[in-house]
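Novice: Supplied structure: data.cif, mmCIF, C-alpha atoms.
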```
data_coords
#
loop_
_atom_site.label_atom_id
_atom_site.label_comp_id
_atom_site.auth_asym_id
_atom_site.auth_seq_id
_atom_site.Cartn_x
_atom_site.Cartn_y
_atom_site.Cartn_z
CA MET A 1 125.14 73.74 83.24
CA LEU A 2 125.84 70.21 84.50
CA TRP A 3 123.74 68.23 86.93
CA ARG A 4 124.91 64.73 87.84
CA GLY A 5 126.94 64.55 84.65
CA ILE A 6 123.99 65.55 82.46
CA ARG A 7 124.16 68.83 80.54
CA MET A 8 121.17 70.98 81.40
CA LYS A 9 120.08 73.88 79.25
CA LYS A 10 120.16 77.42 80.58
CA LEU A 11 116.84 79.24 80.70
CA GLU A 12 118.03 81.58 77.93
CA GLU A 13 118.32 78.59 75.61
CA TYR A 14 114.56 78.01 75.81
CA VAL A 15 113.72 81.57 74.72
CA ARG A 16 113.18 81.96 70.99
CA SER A 17 114.63 85.22 69.67
CA ILE A 18 112.97 86.68 66.60
CA PRO A 19 114.97 89.43 64.86
CA ASP A 20 113.30 92.52 63.40
CA PHE A 21 109.94 92.00 65.12
CA PRO A 22 107.76 93.99 65.59
CA GLU A 23 110.06 96.41 63.78
CA GLU A 24 113.52 96.40 62.27
CA GLY A 25 116.33 96.43 64.81
CA VAL A 26 114.25 94.89 67.61
CA ILE A 27 114.83 91.33 68.81
CA PHE A 28 111.55 89.90 70.10
CA ARG A 29 112.04 87.51 73.02
CA ASP A 30 109.28 84.92 72.72
CA VAL A 31 108.04 83.47 76.02
CA THR A 32 105.85 80.88 74.28
CA SER A 33 108.88 78.76 73.44
CA VAL A 34 109.57 78.46 77.19
CA LEU A 35 105.95 77.58 77.97
CA GLN A 36 105.83 74.91 75.25
CA ASP A 37 108.74 72.97 76.76
CA ALA A 38 108.07 71.20 80.07
CA GLU A 39 111.70 71.49 81.20
CA GLY A 40 111.86 75.14 80.14
CA LEU A 41 108.67 75.99 82.02
CA GLN A 42 109.85 74.20 85.13
CA LEU A 43 113.24 75.91 84.95
CA ALA A 44 111.58 79.32 84.54
CA ILE A 45 109.32 78.84 87.57
CA ASN A 46 112.12 77.39 89.71
CA THR A 47 114.56 80.15 88.75
CA MET A 48 112.06 82.93 89.43
CA GLN A 49 111.04 81.36 92.72
CA GLY A 50 114.67 80.94 93.72
CA LYS A 51 115.24 84.68 93.24
CA ILE A 52 112.73 85.56 95.97
CA MET A 53 113.12 82.76 98.51
CA ASP A 54 114.54 85.18 101.10
CA LEU A 55 111.58 87.54 100.68
CA ASP A 56 108.81 87.73 103.28
CA PHE A 57 105.43 88.28 101.60
CA ASP A 58 101.77 87.43 102.16
CA VAL A 59 100.29 87.51 98.67
CA VAL A 60 101.39 86.96 95.06
CA ALA A 61 99.81 89.20 92.41
CA GLY A 62 100.17 89.16 88.65
CA PRO A 63 98.65 90.66 85.53
CA GLU A 64 96.79 88.85 82.81
CA SER A 65 97.75 86.80 81.10
CA ARG A 66 101.37 85.79 81.46
CA GLY A 67 101.61 87.04 85.04
CA PHE A 68 98.94 84.42 85.79
CA ILE A 69 101.06 81.73 84.14
CA PHE A 70 104.16 82.43 86.21
CA GLY A 71 102.60 83.80 89.38
CA THR A 72 100.11 81.05 90.11
CA PRO A 73 102.65 78.19 90.35
CA ILE A 74 104.90 80.32 92.57
CA ALA A 75 101.94 81.10 94.83
CA TYR A 76 100.94 77.42 94.86
CA ASN A 77 104.48 76.21 95.65
CA LEU A 78 104.85 78.70 98.51
CA LYS A 79 101.29 78.26 99.83
CA LYS A 80 100.31 81.89 99.21
CA PRO A 81 97.12 83.32 97.72
CA PHE A 82 97.20 84.67 94.17
CA VAL A 83 95.54 87.96 93.22
CA LEU A 84 94.45 88.70 89.65
CA ILE A 85 95.22 92.04 88.03
CA ARG A 86 93.15 92.39 84.88
CA LYS A 87 92.24 94.72 82.07
CA LYS A 88 89.28 97.02 82.71
CA GLY A 89 85.87 95.35 82.76
CA LYS A 90 87.01 91.75 83.30
CA LEU A 91 86.38 91.33 87.04
CA PRO A 92 82.86 90.70 88.41
CA CYS A 93 83.00 92.38 91.84
CA GLU A 94 83.75 95.91 93.01
CA THR A 95 87.16 96.98 91.70
CA VAL A 96 89.83 99.65 92.04
CA SER A 97 91.61 100.78 88.90
CA VAL A 98 94.54 102.79 87.65
CA ASP A 99 95.14 104.32 84.22
CA TYR A 100 98.65 104.38 82.83
CA GLU A 101 100.55 105.41 79.73
CA LEU A 102 101.61 103.03 76.99
CA GLU A 103 103.90 103.96 74.12
CA TYR A 104 100.82 104.03 71.86
CA GLY A 105 98.11 105.33 74.22
CA THR A 106 96.71 104.53 77.63
CA ALA A 107 95.43 101.44 79.40
CA THR A 108 93.52 100.66 82.57
CA ILE A 109 94.10 97.77 84.94
CA GLU A 110 91.87 96.67 87.81
CA MET A 111 91.73 94.35 90.75
CA HIS A 112 89.01 93.46 93.21
CA LYS A 113 88.72 96.04 95.96
CA ASP A 114 88.92 93.33 98.63
CA ALA A 115 91.91 91.48 97.07
CA ILE A 116 94.57 93.21 99.19
CA ARG A 117 94.17 94.17 102.83
CA PRO A 118 96.03 97.12 104.38
CA GLY A 119 99.50 96.10 105.48
CA GLN A 120 99.75 92.97 103.32
CA ARG A 121 103.15 92.40 101.74
CA VAL A 122 102.82 91.66 98.03
CA LEU A 123 105.10 89.97 95.48
CA LEU A 124 104.40 91.03 91.88
CA VAL A 125 105.11 88.38 89.22
CA ASP A 126 105.15 88.84 85.44
CA ASP A 127 106.84 87.40 82.39
CA LEU A 128 108.63 90.54 81.27
CA ILE A 129 109.69 94.00 82.27
CA ALA A 130 110.38 96.44 79.47
CA THR A 131 109.63 100.13 80.14
CA GLY A 132 108.17 99.35 83.57
CA GLY A 133 104.89 101.19 82.97
CA THR A 134 102.58 98.24 83.60
CA THR A 135 104.55 97.15 86.65
CA GLN A 136 104.53 100.67 88.07
CA ALA A 137 100.74 100.81 87.56
CA MET A 138 100.32 97.45 89.34
CA ALA A 139 102.33 98.73 92.30
CA GLN A 140 100.16 101.88 92.45
CA LEU A 141 97.03 99.73 92.41
CA ILE A 142 98.25 97.57 95.30
CA GLU A 143 99.40 100.58 97.29
CA SER A 144 96.03 102.30 96.77
CA LEU A 145 94.52 99.47 98.84
CA GLY A 146 97.15 99.82 101.58
CA GLY A 147 99.32 96.92 100.44
CA LYS A 148 103.11 97.10 100.24
CA VAL A 149 104.97 95.78 97.21
CA VAL A 150 108.01 94.07 98.73
CA GLY A 151 109.32 92.53 95.53
CA ILE A 152 108.91 92.08 91.81
CA VAL A 153 110.11 89.02 89.91
CA VAL A 154 110.00 88.57 86.14
CA MET A 155 111.28 85.93 83.80
CA MET A 156 112.85 88.42 81.37
CA GLU A 157 114.13 91.96 81.69
CA LEU A 158 114.85 94.11 78.64
CA ALA A 159 117.42 96.38 80.31
CA GLY A 160 117.77 98.67 77.29
CA LEU A 161 114.23 99.95 77.87
CA LYS A 162 115.15 101.13 81.39
CA GLY A 163 112.14 99.74 83.27
CA ARG A 164 114.33 99.17 86.33
CA GLU A 165 114.95 102.93 86.58
CA ARG A 166 111.21 103.57 86.61
CA LEU A 167 110.83 101.10 89.49
CA GLU A 168 113.58 102.53 91.66
CA GLY A 169 112.82 101.81 95.30
CA TYR A 170 111.35 98.38 94.56
CA ARG A 171 113.29 95.14 94.70
CA LEU A 172 113.30 93.80 91.14
CA GLU A 173 114.61 90.34 90.25
CA SER A 174 114.82 88.88 86.76
CA ALA A 175 115.62 85.31 85.75
CA ILE A 176 117.13 86.54 82.47
CA CYS A 177 118.40 90.04 81.68
CA TYR A 178 118.87 91.07 78.05
CA GLU A 179 120.96 94.21 77.60
CA GLY A 180 119.12 95.46 74.51
CA LYS A 181 115.52 96.25 73.72
#
```
Show the structure stored in the file as structure tokens.
Specialist:
Amino acid sequence: MLWRGIRMKKLEEYVRSIPDFPEEGVIFRDVTSVLQDAEGLQLAINTMQGKIMDLDFDVVAGPESRGFIFGTPIAYNLKKPFVLIRKKGKLPCETVSVDYELEYGTATIEMHKDAIRPGQRVLLVDDLIATGGTTQAMAQLIESLGGKVVGIVVMMELAGLKGRERLEGYRLESAICYEGK
């Protein structure tokens, strides 16, 4: 990519790929290499934000911890509130929760009961979509409070794990899409 005669790196070039982790045959896409580079982080936020600029929403929500990292600057830039979605037991006020399946068991996520008002349009932001289980659970949580998920934006999508299929009916945007797992 060229900008004013200067070669600029693509977002993919900031992502460190680690072969055979956590098991043989898997390529782990490491988001920390993006976060540790100021230009990479800025490019990630700008690219993700650019994917949803036509979207009308009231609130940005994201899961701990990397959803916080990417969602908060997008919310700040667009002058929207940011809602935390956390693991069970981490929020101090009255919460709503949803249990969901993981490949190795179950998990529970929560948000404050007063975080989303009925009818609010919500953008979900996270670093990665793989199988889509966590994202589907976040959407259920928001909808249980009467909110409407109008879009999902992630930095990376692992298309081989078919998370997009699980989220059919939702607008899903990814800054980078890897075909494999």
Novice: Please indicate the distance in Å from CA of Met138 (chain A) to CA of Ile109 (chain A), rounded to one decimal place.
Specialist: 7.6 Å
Novice: Find the spatial neighbours of Ile152 (chain A), counting only C-alpha atoms, within a cut-off of 12 Å - ignore same-chain residues fewer than 5 positions away - and output them as a ChimeraX atom specification.
Specialist: /A:48-49,51-52,55,57,59-62,67,71,121-129,132,135-136,138-139,157,163-164,167-175
Novice: Kindly resolve the PyMOL selection byres ((chain A and resi 117) around 12) on the present coordinates and return the residues as a PyMOL selection string.
Specialist: chain A and resi 58-59+83+112-116+118-122+142-148
Novice: I'd like the interatomic distance between CA of Thr47 (chain A) and CA of Gly133 (chain A), to a tenth of an Å.
Specialist: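 CA of Gly133 (chain A) lies 23.9 Å from CA of Thr47 (chain A).
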Novice: Quick one: everything within 12 Å of region 16-29 of chain A, counting all atoms listed in the file, minus sequence neighbours fewer than 6 positions away in the same chain. Send it as an MDAnalysis selection string.
Specialist: chainID A and resid 35:37 40 127:130 155:158 160:161 176:181
Novice: For CA of Leu78 (chain A) and CA of Cys93 (chain A), determine how far apart the two atoms are, in Å to one decimal place.
Specialist: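 Spanning CA of Leu78 (chain A) to CA of Cys93 (chain A) is a straight-line distance of 26.6 Å.
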Novice: Report the residues retrieved by the PyMOL selection byres ((chain A and resi 14) around 8) from the displayed file, expressed as a list of chain:residue names.
Specialist: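 Applied to this file, the PyMOL selection byres ((chain A and resi 14) around 8) selects A:Lys9, A:Lys10, A:Leu11, A:Glu12, A:Glu13, A:Val15, A:Arg16, A:Ser33, A:Val34, A:Asp37, A:Gly40.
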Novice: Please determine, counting only C-alpha atoms, which residue among A:Asn46, A:Thr106, A:Gln140, A:Thr131 has the shortest atom-to-atom distance to Phe70 (chain A).
Specialist: A:Asn46
